[in-house]
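S.K.: Contents of final-v2.tsv (TSV, C-alpha atoms and all ligand atoms):
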```tsv
chain	number	residue	atom	x	y	z
A	10	TYR	CA	74.79	-66.22	27.89
A	11	ARG	CA	72.58	-64.07	25.76
A	12	ILE	CA	71.61	-64.78	22.17
A	13	CYS	CA	71.31	-61.66	20.03
A	14	LEU	CA	68.25	-62.12	17.88
A	15	MET	CA	68.25	-59.94	14.81
A	16	ASP	CA	64.71	-59.85	13.57
A	17	LEU	CA	65.60	-58.21	10.28
A	18	ARG	CA	62.07	-57.57	9.12
A	19	ASN	CA	61.38	-55.75	12.39
A	20	GLY	CA	64.13	-53.29	11.69
A	21	PHE	CA	67.65	-53.76	12.97
A	22	ASP	CA	68.86	-50.17	12.92
A	23	ILE	CA	71.51	-50.22	10.21
A	24	ARG	CA	71.43	-46.41	9.92
A	25	ARG	CA	72.64	-46.03	13.51
A	26	HIS	CA	75.93	-47.73	12.53
A	27	ILE	CA	76.73	-45.42	9.61
A	28	ARG	CA	79.02	-42.53	10.55
A	29	THR	CA	78.69	-39.08	9.00
A	30	ILE	CA	81.86	-37.13	8.29
A	31	HIS	CA	81.44	-33.57	7.09
A	32	ASP	CA	83.66	-31.97	4.43
A	33	TYR	CA	85.32	-35.23	3.29
A	34	PRO	CA	86.93	-35.72	0.82
A	35	LYS	CA	86.19	-32.09	-0.11
A	36	PRO	CA	84.50	-29.13	1.58
A	37	GLY	CA	80.73	-29.40	1.17
A	38	ILE	CA	80.61	-33.20	0.81
A	39	THR	CA	78.81	-35.10	3.57
A	40	PHE	CA	80.54	-38.46	3.61
A	41	ARG	CA	78.55	-41.49	4.78
A	42	ASP	CA	81.17	-43.78	6.28
A	43	ILE	CA	80.24	-47.48	6.45
A	44	THR	CA	83.51	-48.61	8.12
A	45	THR	CA	81.70	-48.28	11.47
A	46	LEU	CA	78.94	-50.56	10.15
A	47	LEU	CA	81.49	-53.10	8.87
A	48	ALA	CA	83.25	-53.07	12.24
A	49	ASN	CA	80.11	-54.05	14.15
A	50	LYS	CA	79.40	-57.79	13.84
A	51	HIS	CA	75.63	-57.38	14.15
A	52	ALA	CA	75.42	-54.44	11.77
A	53	PHE	CA	77.65	-56.10	9.16
A	54	ARG	CA	75.56	-59.27	9.19
A	55	ALA	CA	72.28	-57.34	9.17
A	56	ALA	CA	73.44	-55.28	6.19
A	57	VAL	CA	74.63	-58.34	4.23
A	58	ASP	CA	71.42	-60.25	5.01
A	59	GLU	CA	69.19	-57.31	4.10
A	60	LEU	CA	71.07	-56.71	0.87
A	61	MET	CA	70.88	-60.32	-0.33
A	62	TRP	CA	67.55	-61.74	0.85
A	63	PRO	CA	65.46	-60.51	-2.15
A	64	PHE	CA	67.85	-62.42	-4.43
A	65	LEU	CA	67.97	-65.80	-2.66
A	66	SER	CA	65.86	-67.36	-5.44
A	67	ALA	CA	66.43	-64.83	-8.20
A	68	GLY	CA	68.64	-67.09	-10.29
A	69	VAL	CA	71.66	-64.81	-10.02
A	70	ASP	CA	74.84	-66.21	-11.66
A	71	TYR	CA	77.43	-63.74	-10.32
A	72	VAL	CA	77.75	-60.96	-7.79
A	73	VAL	CA	79.65	-57.98	-9.20
A	74	GLY	CA	81.17	-55.54	-6.69
A	75	ILE	CA	82.59	-52.08	-7.32
A	76	GLU	CA	86.00	-51.19	-5.82
A	77	ALA	CA	86.56	-50.81	-2.95
A	78	ARG	CA	83.70	-50.92	-0.48
A	79	GLY	CA	81.61	-52.92	-2.94
A	80	PHE	CA	84.23	-55.69	-2.63
A	81	ILE	CA	83.70	-56.10	1.11
A	82	LEU	CA	79.91	-56.26	0.88
A	83	GLY	CA	79.84	-58.03	-2.49
A	84	GLY	CA	82.29	-60.71	-1.35
A	85	ALA	CA	80.19	-61.49	1.72
A	86	ILE	CA	76.97	-61.50	-0.34
A	87	ALA	CA	78.44	-63.79	-3.02
A	88	HIS	CA	79.63	-66.19	-0.33
A	89	GLU	CA	76.22	-66.20	1.37
A	90	LEU	CA	74.41	-66.75	-1.94
A	91	GLY	CA	76.87	-69.52	-2.88
A	92	LEU	CA	77.99	-67.60	-5.98
A	93	GLY	CA	81.19	-66.37	-7.58
A	94	PHE	CA	82.31	-62.76	-7.27
A	95	LEU	CA	83.48	-60.50	-10.12
A	96	PRO	CA	85.37	-57.26	-9.40
A	97	ILE	CA	84.92	-53.94	-11.17
A	98	ARG	CA	88.08	-51.97	-10.46
A	99	LYS	CA	89.61	-48.57	-10.98
A	100	LYS	CA	91.63	-48.16	-14.18
A	101	GLY	CA	94.84	-50.19	-14.44
A	102	LYS	CA	94.24	-52.56	-11.53
A	103	LEU	CA	92.96	-55.67	-13.32
A	104	PRO	CA	95.73	-57.81	-14.87
A	105	GLY	CA	93.85	-59.35	-17.82
A	106	LYS	CA	92.22	-57.90	-20.91
A	107	VAL	CA	89.65	-55.33	-19.80
A	108	ILE	CA	86.83	-53.16	-21.04
A	109	GLY	CA	86.44	-49.74	-19.42
A	110	ARG	CA	84.05	-46.82	-18.93
A	111	ASP	CA	84.58	-43.22	-17.89
A	112	TYR	CA	82.13	-41.84	-15.35
A	113	GLN	CA	81.34	-38.72	-13.38
A	114	LEU	CA	81.62	-39.11	-9.59
A	115	GLU	CA	79.92	-36.87	-7.00
A	116	TYR	CA	83.42	-35.49	-6.49
A	117	GLY	CA	85.45	-36.06	-9.68
A	118	ILE	CA	85.91	-38.13	-12.85
A	119	ASP	CA	87.21	-41.68	-12.99
A	120	THR	CA	87.39	-44.85	-15.10
A	121	ILE	CA	86.27	-48.33	-14.07
A	122	GLU	CA	87.13	-51.62	-15.73
A	123	ILE	CA	86.03	-55.26	-15.79
A	124	HIS	CA	87.82	-58.26	-17.22
A	125	ALA	CA	86.61	-58.66	-20.80
A	126	ASP	CA	86.02	-62.42	-20.33
A	127	ALA	CA	84.44	-62.26	-16.86
A	128	ILE	CA	80.80	-62.28	-17.96
A	129	SER	CA	79.22	-64.52	-20.60
A	130	LYS	CA	76.14	-63.69	-22.66
A	131	GLY	CA	72.98	-64.08	-20.59
A	132	ASP	CA	74.68	-64.23	-17.18
A	133	LYS	CA	72.40	-62.81	-14.50
A	134	ILE	CA	74.23	-60.27	-12.35
A	135	LEU	CA	73.60	-58.74	-8.94
A	136	LEU	CA	75.53	-55.45	-8.70
A	137	ILE	CA	76.73	-54.30	-5.26
A	138	ASP	CA	78.18	-51.04	-3.95
A	139	ASP	CA	78.06	-49.33	-0.58
A	140	LEU	CA	76.36	-46.14	-1.71
A	141	ILE	CA	74.56	-44.57	-4.66
A	142	ALA	CA	74.80	-40.80	-5.00
A	143	THR	CA	74.54	-39.40	-8.55
A	144	GLY	CA	74.47	-42.94	-9.93
A	145	GLY	CA	77.39	-42.26	-12.27
A	146	THR	CA	79.47	-45.13	-10.91
A	147	ALA	CA	76.61	-47.63	-10.92
A	148	GLU	CA	75.51	-46.55	-14.39
A	149	ALA	CA	79.04	-47.10	-15.75
A	150	ALA	CA	79.14	-50.50	-14.03
A	151	ILE	CA	75.78	-51.44	-15.55
A	152	ASP	CA	77.05	-50.37	-19.00
A	153	LEU	CA	80.14	-52.59	-18.52
A	154	ILE	CA	77.98	-55.55	-17.48
A	155	GLN	CA	75.54	-55.06	-20.37
A	156	ASP	CA	78.36	-54.54	-22.89
A	157	SER	CA	79.73	-57.90	-21.66
A	158	GLY	CA	76.38	-59.55	-22.45
A	159	GLY	CA	75.24	-59.70	-18.82
A	160	ASP	CA	71.75	-59.13	-17.53
A	161	VAL	CA	71.51	-56.90	-14.43
A	162	VAL	CA	68.95	-58.51	-12.09
A	163	ALA	CA	69.27	-55.59	-9.64
A	164	ALA	CA	71.69	-53.14	-8.07
A	165	ALA	CA	71.87	-53.13	-4.27
A	166	PHE	CA	73.31	-50.46	-1.95
A	167	VAL	CA	73.48	-49.90	1.78
A	168	VAL	CA	72.97	-46.14	1.32
A	169	SER	CA	71.09	-44.03	-1.21
A	170	LEU	CA	71.24	-40.24	-1.43
A	171	PRO	CA	67.91	-39.62	-3.20
A	172	ASP	CA	68.49	-35.89	-3.66
A	173	LEU	CA	71.33	-36.70	-6.05
A	174	GLY	CA	68.98	-38.77	-8.23
A	175	GLY	CA	71.11	-41.90	-8.70
A	176	ALA	CA	68.55	-44.51	-7.69
A	177	GLN	CA	65.91	-42.87	-9.89
A	178	LYS	CA	68.38	-42.76	-12.81
A	179	LEU	CA	68.81	-46.55	-12.55
A	180	ILE	CA	65.06	-47.15	-12.17
A	181	ASP	CA	64.53	-45.06	-15.33
A	182	LYS	CA	66.93	-47.45	-17.09
A	183	ASN	CA	64.72	-50.37	-15.96
A	184	VAL	CA	67.22	-51.56	-13.37
A	185	LYS	CA	65.75	-52.69	-10.04
A	186	VAL	CA	67.34	-50.81	-7.13
A	187	HIS	CA	67.49	-52.26	-3.62
A	188	ARG	CA	68.70	-49.90	-0.90
A	189	LEU	CA	68.61	-50.09	2.87
A	190	VAL	CA	69.04	-46.51	4.13
A	191	ASP	CA	68.07	-43.20	2.50
A	192	TYR	CA	69.66	-39.90	3.48
A	193	ALA	CA	67.31	-37.26	2.08
A	194	GLY	CA	67.54	-33.53	2.51
A	195	ASP	CA	71.31	-33.13	2.76
B	201	LIG	P1	78.01	-41.79	-7.55
B	201	LIG	O1	78.73	-42.28	-8.76
B	201	LIG	O2	77.84	-40.31	-7.53
B	201	LIG	O3	76.67	-42.52	-7.34
B	201	LIG	O4	78.93	-42.12	-6.30
B	201	LIG	C1	78.95	-43.40	-5.75
B	201	LIG	C2	80.34	-43.83	-5.38
B	201	LIG	O5	81.11	-42.81	-4.75
B	201	LIG	C3	80.28	-44.97	-4.41
B	201	LIG	O6	81.27	-45.92	-4.76
B	201	LIG	C4	80.52	-44.35	-3.07
B	201	LIG	O7	81.36	-45.18	-2.29
B	201	LIG	C5	81.20	-43.01	-3.36
B	201	LIG	N1	80.49	-41.87	-2.75
B	201	LIG	C6	79.91	-40.85	-3.41
B	201	LIG	N2	79.37	-39.95	-2.59
B	201	LIG	C7	79.60	-40.40	-1.34
B	201	LIG	C8	79.24	-39.93	-0.02
B	201	LIG	N3	78.56	-38.79	0.15
B	201	LIG	N4	79.63	-40.67	1.03
B	201	LIG	C9	80.31	-41.82	0.85
B	201	LIG	N5	80.67	-42.32	-0.33
B	201	LIG	C10	80.31	-41.63	-1.43
```
For this file, write the structure as structure tokens.
Ligand code: AMP

M.R.:
Amino acid sequence: YRICLMDLRNGFDIRRHIRTIHDYPKPGITFRDITTLLANKHAFRAAVDELMWPFLSAGVDYVVGIEARGFILGGAIAHELGLGFLPIRKKGKLPGKVIGRDYQLEYGIDTIEIHADAISKGDKILLIDDLIATGGTAEAAIDLIQDSGGDVVAAAFVVSLPDLGGAQKLIDKNVKVHRLVDYAGD
């Protein structure tokens, strides 16, 4: 019987569990696939723990996750923090009254929505997605949260692609960005 000790501060190698798939979903895109990380019980827990620990005492009211991979991580993080979870979804998926935002993706244009009554004025929000590339998705999500009266405590991602400038874009908007793995230079 062997206990697996994950000393998070001494660097469980989350990066090793992220799979790279070239030319998906389009030629020239290097896709960072976290399904391999989610499938590994140690890597999944390490990623969730690393994403949430700075916010254990941050007074967060809700975790907001972005469809679809932000739901998996955000749901686990909300549960671990003892908080409720609010979904931001692609256009037309939420049943209630919504507010929406168009945004530019690394590989296309899309619209995201949140329930208009999900966030109350002054609610402190932790925003979660798997990856930040150009920051277009996260920026639209932040706009939705702020338009709803929410206060973004931070945005947290497993992966950041610094060459695409997304994390810096958020920092320039005075949003704290927490990310676990950077892929620079490609
Ligand atoms: P962006 O709006 O450019 O920051 O893109 C972030 C969103 O698109 C996230 O929800 C990611 O899941 C997805 N995404 C963008 N680029 C990639 C990539 N290279 N690998 C995996 N997912 C990506």

S.K.: Extract, using all atoms listed in the file, all DNA, RNA and protein residues at most 6 Å from range 98-103 of chain A, discarding same-chain residues fewer than 4 positions from it, and format them as a list in words.

M.R.: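 Selected residues are Glu76, Thr120, Ile121 and Glu122 of chain A.
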
S.K.: Counting all atoms listed in the file, which of A:Ala55, A:Ile27, A:Ala163, A:Leu135 gets nearest to ligand LIG 201 (chain B)?

M.R.: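 Checking each candidate against ligand LIG 201 (chain B), we get A:Ile27 as the closest.
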
S.K.: Within 9 Å of ligand LIG 201 (chain B), which residues show up when you count only C-alpha atoms and all ligand atoms? List them as number ranges by chain, please.

M.R.: A: 29-30, 33-34, 38-43, 75-79, 112-117, 138-149, 168-170, 173-176

S.K.: Could you tell me how far CA of Tyr71 in chain A lies from CA of Ala87 in chain A, in Å and to one decimal?

M.R.: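 Between these atoms lies a distance of 7.4 Å.
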
S.K.: So that each row is one residue of range 48-91 of chain A with an atom at most 12 Å from range 180-186 of chain A, can you give its shortest atom pair and the distance in Å to one decimal, using all atoms listed in the file, rows by chain and rising number, as a tab-separated table?

M.R.:
```
residue	atom	partner	partner_atom	distance
A:Leu60	CA	A:Val186	CA	10.6
A:Pro63	CA	A:Val186	CA	11.1
A:Phe64	CA	A:Lys185	CA	11.4
```

S.K.: Expressed in Å to a single decimal, how great is the separation between CA of Ala165 in chain A and CA of Met61 in chain A?

M.R.: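 Computing it gives 8.3 Å between the two atoms.
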
S.K.: Looking at A:Gly105, A:Ser66, A:Ile151, A:Val167, which one is nearest to Gly83 in chain A, with distances taken over only C-alpha atoms?

M.R.: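 Ranked by minimum distance to Gly83 in chain A, first place goes to A:Val167.
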
S.K.: Rounded to one decimal place, report the CA of Gly159 in chain A-CA of Val190 in chain A distance in Å.

M.R.: 27.2 Å

S.K.: Taking all atoms listed in the file into account, which of A:Leu90, A:Asp132, A:Gly68, A:Asp172 comes nearest Ala193 in chain A?

M.R.: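 With all atoms listed in the file as the atom set, the closest residue is A:Asp172.
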
S.K.: Step by step: start from the point (79.1, -58.1, -24.1) in the file's coordinates, keep every protein, DNA or RNA residue that has an atom no farther than 10 Å from it, count only C-alpha atoms, and write the set as a PyMOL selection string.

M.R.: chain A and resi 108+125-131+152-160

S.K.: When distances are computed from only C-alpha atoms, which of A:Val73, A:Leu47, A:Val162, A:Ile118 shows the smallest separation from Leu92 in chain A?

M.R.: A:Val73

S.K.: Ranking A:Ile23, A:Ala164, A:Leu179, A:Ala67 by minimum distance to Ile137 in chain A and counting all atoms listed in the file, which one comes first?

M.R.: A:Ala164

S.K.: From the list A:Ile134, A:Arg24, A:Asn49, A:Asp111, which residue is nearest Val72 in chain A when using only C-alpha atoms?

M.R.: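 Of all the options, A:Ile134 lies closest to Val72 in chain A.
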
S.K.: Near Arg25 in chain A, within 10 Å and counting only C-alpha atoms, which residues show up once chain neighbours fewer than 2 positions away are dropped, as an mmCIF file with C-alpha atoms, keeping the file's coordinate frame?

M.R.:
```
data_model
loop_
_atom_site.group_PDB
_atom_site.id
_atom_site.type_symbol
_atom_site.label_atom_id
_atom_site.label_comp_id
_atom_site.auth_asym_id
_atom_site.auth_seq_id
_atom_site.Cartn_x
_atom_site.Cartn_y
_atom_site.Cartn_z
ATOM 1 C CA PHE A 21 67.650 -53.760 12.970
ATOM 2 C CA ASP A 22 68.860 -50.170 12.920
ATOM 3 C CA ILE A 23 71.510 -50.220 10.210
ATOM 4 C CA ILE A 27 76.730 -45.420 9.610
ATOM 5 C CA ARG A 28 79.020 -42.530 10.550
ATOM 6 C CA THR A 45 81.700 -48.280 11.470
ATOM 7 C CA LEU A 46 78.940 -50.560 10.150
ATOM 8 C CA ALA A 52 75.420 -54.440 11.770
#
```

S.K.: Model the absent atoms of range 161-172 of chain A so that N, CA and C atoms are present, and write the result as a PDB file, in the frame of the given file.

M.R.:
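selection_15.pdb, written as the output of this step:
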```pdb
ATOM      1  N   VAL A 161      71.472 -57.392 -15.807  1.00  0.00           N
ATOM      2  CA  VAL A 161      71.510 -56.900 -14.430  1.00  0.00           C
ATOM      3  C   VAL A 161      70.165 -57.188 -13.743  1.00  0.00           C
ATOM      4  N   VAL A 162      70.173 -58.136 -12.822  1.00  0.00           N
ATOM      5  CA  VAL A 162      68.950 -58.510 -12.090  1.00  0.00           C
ATOM      6  C   VAL A 162      68.532 -57.353 -11.181  1.00  0.00           C
ATOM      7  N   ALA A 163      69.527 -56.738 -10.524  1.00  0.00           N
ATOM      8  CA  ALA A 163      69.270 -55.590  -9.640  1.00  0.00           C
ATOM      9  C   ALA A 163      70.608 -55.002  -9.226  1.00  0.00           C
ATOM     10  N   ALA A 164      70.539 -53.773  -8.708  1.00  0.00           N
ATOM     11  CA  ALA A 164      71.690 -53.140  -8.070  1.00  0.00           C
ATOM     12  C   ALA A 164      71.302 -52.884  -6.622  1.00  0.00           C
ATOM     13  N   ALA A 165      72.190 -53.246  -5.682  1.00  0.00           N
ATOM     14  CA  ALA A 165      71.870 -53.130  -4.270  1.00  0.00           C
ATOM     15  C   ALA A 165      72.918 -52.309  -3.530  1.00  0.00           C
ATOM     16  N   PHE A 166      72.451 -51.420  -2.665  1.00  0.00           N
ATOM     17  CA  PHE A 166      73.310 -50.460  -1.950  1.00  0.00           C
ATOM     18  C   PHE A 166      72.884 -50.382  -0.493  1.00  0.00           C
ATOM     19  N   VAL A 167      73.840 -50.161   0.381  1.00  0.00           N
ATOM     20  CA  VAL A 167      73.480 -49.900   1.780  1.00  0.00           C
ATOM     21  C   VAL A 167      72.819 -48.518   1.868  1.00  0.00           C
ATOM     22  N   VAL A 168      73.421 -47.533   1.188  1.00  0.00           N
ATOM     23  CA  VAL A 168      72.970 -46.140   1.320  1.00  0.00           C
ATOM     24  C   VAL A 168      72.566 -45.573  -0.029  1.00  0.00           C
ATOM     25  N   SER A 169      71.473 -44.814  -0.038  1.00  0.00           N
ATOM     26  CA  SER A 169      71.090 -44.030  -1.210  1.00  0.00           C
ATOM     27  C   SER A 169      70.939 -42.572  -0.792  1.00  0.00           C
ATOM     28  N   LEU A 170      71.427 -41.679  -1.640  1.00  0.00           N
ATOM     29  CA  LEU A 170      71.240 -40.240  -1.430  1.00  0.00           C
ATOM     30  C   LEU A 170      70.236 -39.773  -2.481  1.00  0.00           C
ATOM     31  N   PRO A 171      68.941 -39.835  -2.171  1.00  0.00           N
ATOM     32  CA  PRO A 171      67.910 -39.620  -3.200  1.00  0.00           C
ATOM     33  C   PRO A 171      67.960 -38.246  -3.836  1.00  0.00           C
ATOM     34  N   ASP A 172      68.435 -37.241  -3.096  1.00  0.00           N
ATOM     35  CA  ASP A 172      68.490 -35.890  -3.660  1.00  0.00           C
ATOM     36  C   ASP A 172      69.427 -35.799  -4.850  1.00  0.00           C
TER      37      ASP A 172
END
```
